[in-house]
Structures are given as C-alpha cells and as structure tokens.
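Asker: Here you go, this is target-v8.cif (mmCIF, C-alpha atoms).
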```cif
data_input
#
loop_
_atom_site.label_atom_id
_atom_site.label_comp_id
_atom_site.auth_asym_id
_atom_site.auth_seq_id
_atom_site.Cartn_x
_atom_site.Cartn_y
_atom_site.Cartn_z
CA MET Z 1208 -64.57 20.80 -69.29
CA LYS Z 1209 -66.14 17.85 -67.87
CA GLY Z 1210 -64.32 14.50 -67.95
CA VAL Z 1211 -65.54 11.91 -70.36
CA ASP Z 1212 -65.41 8.30 -69.34
CA LEU Z 1213 -64.16 6.31 -72.28
CA LEU Z 1214 -64.05 2.98 -70.49
CA PRO Z 1215 -66.73 0.44 -71.12
CA PRO Z 1216 -69.46 0.53 -68.53
CA GLY Z 1217 -68.76 -2.90 -66.99
CA LEU Z 1218 -65.11 -2.36 -66.01
CA PRO Z 1219 -64.30 -1.42 -62.49
CA LYS Z 1220 -62.82 1.99 -61.94
CA PRO Z 1221 -59.27 2.23 -60.59
CA PRO Z 1222 -59.16 3.19 -56.95
CA ARG Z 1223 -58.46 6.78 -56.21
CA THR Z 1224 -55.61 7.65 -53.95
CA SER Z 1225 -56.71 10.19 -51.50
CA ALA Z 1226 -54.50 12.94 -50.08
CA LEU Z 1227 -55.00 11.50 -46.62
CA ARG Z 1228 -53.55 8.14 -47.65
CA ILE Z 1229 -50.56 9.85 -49.26
CA ALA Z 1230 -49.96 11.94 -46.12
CA VAL Z 1231 -50.17 8.88 -43.84
CA ALA Z 1232 -47.82 6.86 -46.06
CA THR Z 1233 -45.35 9.77 -46.19
CA ALA Z 1234 -45.47 10.17 -42.41
CA VAL Z 1235 -44.88 6.44 -41.80
CA PHE Z 1236 -42.02 6.37 -44.33
CA THR Z 1237 -40.46 9.49 -42.74
CA PHE Z 1238 -40.82 8.01 -39.26
CA VAL Z 1239 -39.18 4.72 -40.29
CA LEU Z 1240 -36.39 6.59 -42.08
CA ALA Z 1241 -35.77 8.88 -39.06
CA ALA Z 1242 -35.87 5.94 -36.59
CA SER Z 1243 -33.37 3.94 -38.64
CA PHE Z 1244 -31.12 7.02 -38.91
CA LEU Z 1245 -31.26 7.60 -35.15
CA TYR Z 1246 -30.61 3.90 -34.48
CA THR Z 1247 -27.56 3.98 -36.74
CA VAL Z 1248 -26.22 7.15 -35.07
CA ARG Z 1249 -26.74 5.71 -31.59
CA ALA Z 1250 -25.14 2.40 -32.57
CA LEU Z 1251 -22.06 4.30 -33.81
CA GLU Z 1252 -21.93 6.34 -30.57
CA ILE Z 1253 -22.17 3.17 -28.49
CA GLU Z 1254 -19.36 1.57 -30.51
CA GLU Z 1255 -17.18 4.68 -30.01
CA LEU Z 1256 -17.90 4.60 -26.27
CA ARG Z 1257 -16.98 0.90 -26.13
CA CYS Z 1258 -13.67 1.63 -27.87
CA ALA Z 1259 -12.98 4.53 -25.47
CA LEU Z 1260 -13.86 2.34 -22.47
CA LYS Z 1261 -11.57 -0.42 -23.73
CA ALA Z 1262 -8.72 2.09 -24.12
CA GLN Z 1263 -9.30 3.44 -20.61
CA GLU Z 1264 -9.37 -0.08 -19.15
CA GLU Z 1265 -6.07 -0.84 -20.89
CA ASP Z 1266 -4.60 2.40 -19.50
CA TYR Z 1267 -5.86 1.53 -16.03
CA ALA Z 1268 -4.35 -1.94 -16.29
CA ARG Z 1269 -1.00 -0.41 -17.27
CA TYR Z 1270 -1.02 1.86 -14.21
CA ALA Z 1271 -2.68 -0.46 -11.68
CA TRP Z 1272 0.72 -1.07 -10.08
CA LEU Z 1273 0.66 2.57 -9.00
CA ASP Z 1274 -2.33 1.86 -6.77
CA ARG Z 1275 -0.46 -0.98 -5.11
CA ASP Z 1276 2.63 1.19 -4.67
CA ILE Z 1277 0.57 4.04 -3.22
CA GLN Z 1278 -1.05 1.66 -0.72
CA ALA Z 1279 2.34 0.20 0.22
CA THR Z 1280 3.76 3.71 0.61
CA ARG Z 1281 0.86 4.72 2.84
CA LYS Z 1282 1.38 1.61 4.96
CA SER Z 1283 5.10 2.31 5.17
CA LYS Z 1284 4.37 5.93 6.09
CA ASP Z 1285 2.05 4.78 8.88
CA GLU Z 1286 4.70 2.38 10.19
CA VAL Z 1287 7.37 5.10 10.12
CA LEU Z 1288 5.05 7.54 11.90
CA ALA Z 1289 4.29 4.90 14.54
CA ARG Z 1290 8.01 4.27 15.08
CA LEU Z 1291 8.62 8.02 15.25
CA ALA Z 1292 5.86 8.40 17.83
CA ALA Z 1293 7.37 5.54 19.87
CA ALA Z 1294 10.80 7.18 19.67
CA ARG Z 1295 9.35 10.53 20.76
CA LYS Z 1296 7.57 8.78 23.63
CA GLN Z 1297 10.84 7.21 24.70
CA VAL Z 1298 12.77 10.46 24.47
CA ASN Z 1299 10.08 12.54 26.13
CA GLY Z 1300 9.20 9.77 28.58
CA GLY Z 1301 12.69 9.69 30.02
CA LEU Z 1302 14.14 6.45 28.68
CA PRO Z 1303 17.46 6.35 30.49
CA ALA Z 1304 19.53 5.74 27.34
CA GLN Z 1305 21.93 8.57 28.09
CA GLU Z 1306 22.37 7.42 31.68
CA ILE Z 1307 22.95 3.83 30.52
CA LEU Z 1308 25.54 4.85 27.96
CA GLU Z 1309 27.35 7.05 30.48
CA ASN Z 1310 27.47 4.26 33.08
CA LEU Z 1311 28.16 1.44 30.64
CA SER Z 1312 31.74 2.50 30.04
CA ARG Z 1313 32.57 2.26 33.77
CA LEU Z 1314 30.86 -1.16 34.01
CA LEU Z 1315 33.14 -2.75 31.39
CA PRO Z 1316 35.84 -4.92 32.97
CA ALA Z 1317 39.31 -5.12 31.49
CA GLY Z 1318 39.49 -7.28 28.38
CA VAL Z 1319 35.92 -6.56 27.21
CA ARG Z 1320 35.05 -4.48 24.16
CA LEU Z 1321 31.45 -3.62 23.18
CA VAL Z 1322 30.59 -4.02 19.50
CA GLN Z 1323 26.91 -3.07 19.66
CA PHE Z 1324 24.38 -2.00 22.27
CA THR Z 1325 20.69 -2.07 21.28
CA LEU Z 1326 17.61 -0.83 23.16
CA THR Z 1327 14.12 -1.90 22.02
CA ASP Z 1328 10.70 -0.33 22.51
CA ASP Z 1329 9.67 -2.78 25.21
CA GLY Z 1330 12.62 -2.04 27.51
CA LYS Z 1331 14.88 -4.86 26.38
CA ALA Z 1332 18.63 -4.40 25.85
CA ARG Z 1333 21.01 -6.46 23.77
CA VAL Z 1334 24.77 -6.28 24.21
CA ASP Z 1335 27.14 -7.65 21.56
CA GLY Z 1336 30.83 -7.62 22.30
CA GLU Z 1337 34.21 -9.30 22.34
CA ALA Z 1338 36.18 -10.47 25.35
CA ALA Z 1339 39.62 -11.89 26.02
CA SER Z 1340 38.30 -14.58 28.42
CA LEU Z 1341 35.18 -16.15 29.85
CA GLU Z 1342 36.02 -14.56 33.21
CA ALA Z 1343 35.79 -11.12 31.63
CA VAL Z 1344 32.37 -11.98 30.16
CA ALA Z 1345 31.16 -13.26 33.55
CA SER Z 1346 32.45 -10.07 35.22
CA LEU Z 1347 30.48 -7.97 32.73
CA MET Z 1348 27.28 -9.99 33.36
CA LEU Z 1349 27.64 -9.50 37.13
CA ALA Z 1350 28.43 -5.80 36.72
CA LEU Z 1351 25.35 -5.26 34.53
CA GLY Z 1352 23.12 -7.06 37.03
CA ASP Z 1353 24.57 -5.17 40.03
CA SER Z 1354 24.41 -1.76 38.35
CA GLY Z 1355 20.71 -1.27 39.06
CA LEU Z 1356 20.11 -0.33 35.43
CA PHE Z 1357 19.31 -3.89 34.29
CA LYS Z 1358 17.49 -6.91 35.60
CA ASP Z 1359 17.21 -10.44 34.19
CA VAL Z 1360 20.70 -10.30 32.66
CA GLN Z 1361 21.32 -13.42 30.57
CA LEU Z 1362 24.20 -14.59 28.45
CA ALA Z 1363 22.69 -15.54 25.07
CA GLY Z 1364 25.78 -16.99 23.45
CA VAL Z 1365 29.58 -17.15 23.36
CA SER Z 1366 31.77 -18.26 20.44
CA ARG Z 1367 35.35 -17.92 19.23
CA THR Z 1368 35.81 -15.23 16.58
CA GLY Z 1369 38.17 -17.40 14.53
CA GLU Z 1370 40.51 -20.37 14.62
CA GLY Z 1371 43.68 -19.85 16.57
CA THR Z 1372 42.43 -16.72 18.34
CA ASP Z 1373 41.67 -16.29 22.01
CA VAL Z 1374 39.04 -13.59 21.37
CA LEU Z 1375 35.47 -14.58 22.27
CA ALA Z 1376 32.38 -13.03 20.73
CA PHE Z 1377 29.42 -12.86 23.10
CA GLN Z 1378 25.84 -11.71 23.18
CA ALA Z 1379 23.89 -10.82 26.31
CA GLN Z 1380 20.28 -9.80 26.87
CA ALA Z 1381 18.74 -7.86 29.73
CA THR Z 1382 15.63 -5.92 30.71
CA LEU Z 1383 15.88 -2.26 31.66
CA SER Z 1384 14.88 -1.78 35.25
CA ARG Z 1385 13.64 1.76 34.64
CA ALA Z 1386 12.24 1.64 31.07
CA GLY Z 1387 10.12 4.64 30.20
CA GLY Z 1388 11.60 6.88 32.85
CA GLU Z 1389 9.95 5.25 35.88
CA LYS Z 1390 11.71 6.21 39.08
CA PRO Z 1391 12.50 3.39 41.54
#
```
Show me, as structure tokens, the structure contained in the file I just sent.
Answerer:
Amino acid sequence: MKGVDLLPPGLPKPPRTSALRIAVATAVFTFVLAASFLYTVRALEIEELRCALKAQEEDYARYAWLDRDIQATRKSKDEVLARLAAARKQVNGGLPAQEILENLSRLLPAGVRLVQFTLTDDGKARVDGEAASLEAVASLMLALGDSGLFKDVQLAGVSRTGEGTDVLAFQAQATLSRAGGEKP
C-alpha cells in the first residue's frame, strides 16, 4: 500500500531522521558515557592512591627515628672498628705495655701507690697515684725519667686527698720513649 499524504499541500514536511544520524548520535552518546565512566573510575583510583600514600608517609614518619639510629649505630660501629684496629696495631706492633707494667713496680719508691696507669694511642702515658710526701712524688718522677721507658716526664698536679690527712694525690704525664715497638 502506498502512503497517502493527508497534509495540506503548503505545509512543510517534518524532517526525516536518517539511520546515519541515529548511529552518529548513539556513538557520540556512548563515547561521552564511556569517557565519563573512565574518568570517574580513574578519579577514584587516584583518591585511593593518595590515601595509601598518606598512610605510608605517616608510617615512614613514625619510623624515621630508626634511620637515625641505624646511621648512629653504623658510625659507632666504624669508631669501634677503628679503635680495635688501633689496639691490634699496638699489640702487634710491639707497644711495650707489658714491659712497662713489669718495670713500673720496681720504679715505685716507698710511700707511693699507683691508682691508675693509662696509655694512649699516640704514645702518651698518664699516671695517677697517691703518695705520703712530696719527696716520694719527686723520687717517682726522677725514676720514671731515668728508666729509659719515658721521656718528657711532667708532674701535672698534686693535691691533698682530704682535710687532716697527709696523703697527697698526684697526676703525672709522660711520653713513651719506644711507642709502637721501635727499638732504640
């Protein structure tokens, strides 16, 4: 059957929608819908990543002190290893500590008692002790200088140990004459 046009002849005909226009409009609508969906999904992923990053930064801030402690421990380890190497060098290099300690007891005059004897890395010695008189301290200084083990023997200080006592506390410093095992 053929279509009959019942409209008056002077009226314009309504525009026809072609299949091509419908396909293009559907494609544009689908593209816009898909793009907005992808944008929303990506925006949610970015927000989740920001939250995760914030949590990790907070965790890092809570444990940042560990990094400082690890660095301090490494520095301390290096210092201890350096001191150990210096001690090994002294022991293996022939520092005459044993010889000094053996001879020190025979160098002590009567009335002198050693409290502490210290050797340093650079060949310096420090003697802390107590004596009954200044003459005993002077005798010790002369004996240390004449022993051949020390040079530049100096009395660093003398003081009374307490009121009403005759005991003197003294401190002397000297340089080892054969530090590091050097033979004269």
Asker: Any chance you could work out the axis-aligned box around range 1311-1324 of chain Z, listed atoms only, 3 Å on each side, giving centre and edge lengths in Å to one decimal, as AutoDock Vina command-line options?
Answerer:
```
--center_x 31.9 --center_y -2.4 --center_z 26.8 --size_x 21.1 --size_y 15.8 --size_z 20.5
```
Asker: Please indicate the distance in Å from CA of Leu1362 in chain Z to CA of Leu1347 in chain Z, rounded to one decimal place.
Answerer: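 If I compute the distance from CA of Leu1362 in chain Z to CA of Leu1347 in chain Z, I get 10.1 Å.
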Asker: Work out how far apart CA of Glu1370 in chain Z and CA of Leu1341 in chain Z are and give it in Å to one decimal.
Answerer: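 If I compute the distance from CA of Glu1370 in chain Z to CA of Leu1341 in chain Z, I get 16.7 Å.
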Asker: To one decimal place, how far is CA of Asp1335 in chain Z from CA of Ala1376 in chain Z in Å?
Answerer: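 Atom-to-atom, CA of Asp1335 in chain Z and CA of Ala1376 in chain Z are spaced 7.6 Å apart.
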Asker: Give as a list in words the residues that the PyMOL selection byres ((chain Z and resi 1382) around 12) matches when applied to the coordinates above.
Answerer: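 This file gives the following for the PyMOL selection byres ((chain Z and resi 1382) around 12): Thr1325, Leu1326, Thr1327, Asp1328, Asp1329, Gly1330, Lys1331, Ala1332, Arg1333, Val1334, Leu1351, Gly1352, Gly1355, Leu1356, Phe1357, Lys1358, Asp1359, Val1360, Gln1361, Ala1379, Gln1380, Ala1381, Leu1383, Ser1384, Arg1385, Ala1386 and Gly1387 of chain Z.
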Asker: With distances taken over all atoms listed in the file, which residue among Z:Arg1313, Z:Arg1281, Z:Lys1209, Z:Arg1367 lies nearest Ala1339 in chain Z?
Answerer: Z:Arg1367
Asker: What would the selection look like, as number ranges by chain, if the PyMOL selection byres ((chain Z and resi 1336) around 7) were run on the coordinates I just shared?
Answerer: Z: 1320-1323, 1334-1335, 1337-1338, 1376-1378
Asker: Between Z:Ser1243, Z:Glu1342, Z:Ala1350, Z:Glu1286, single out the one closest to Asn1310 in chain Z, counting only C-alpha atoms.
Answerer: Z:Ala1350
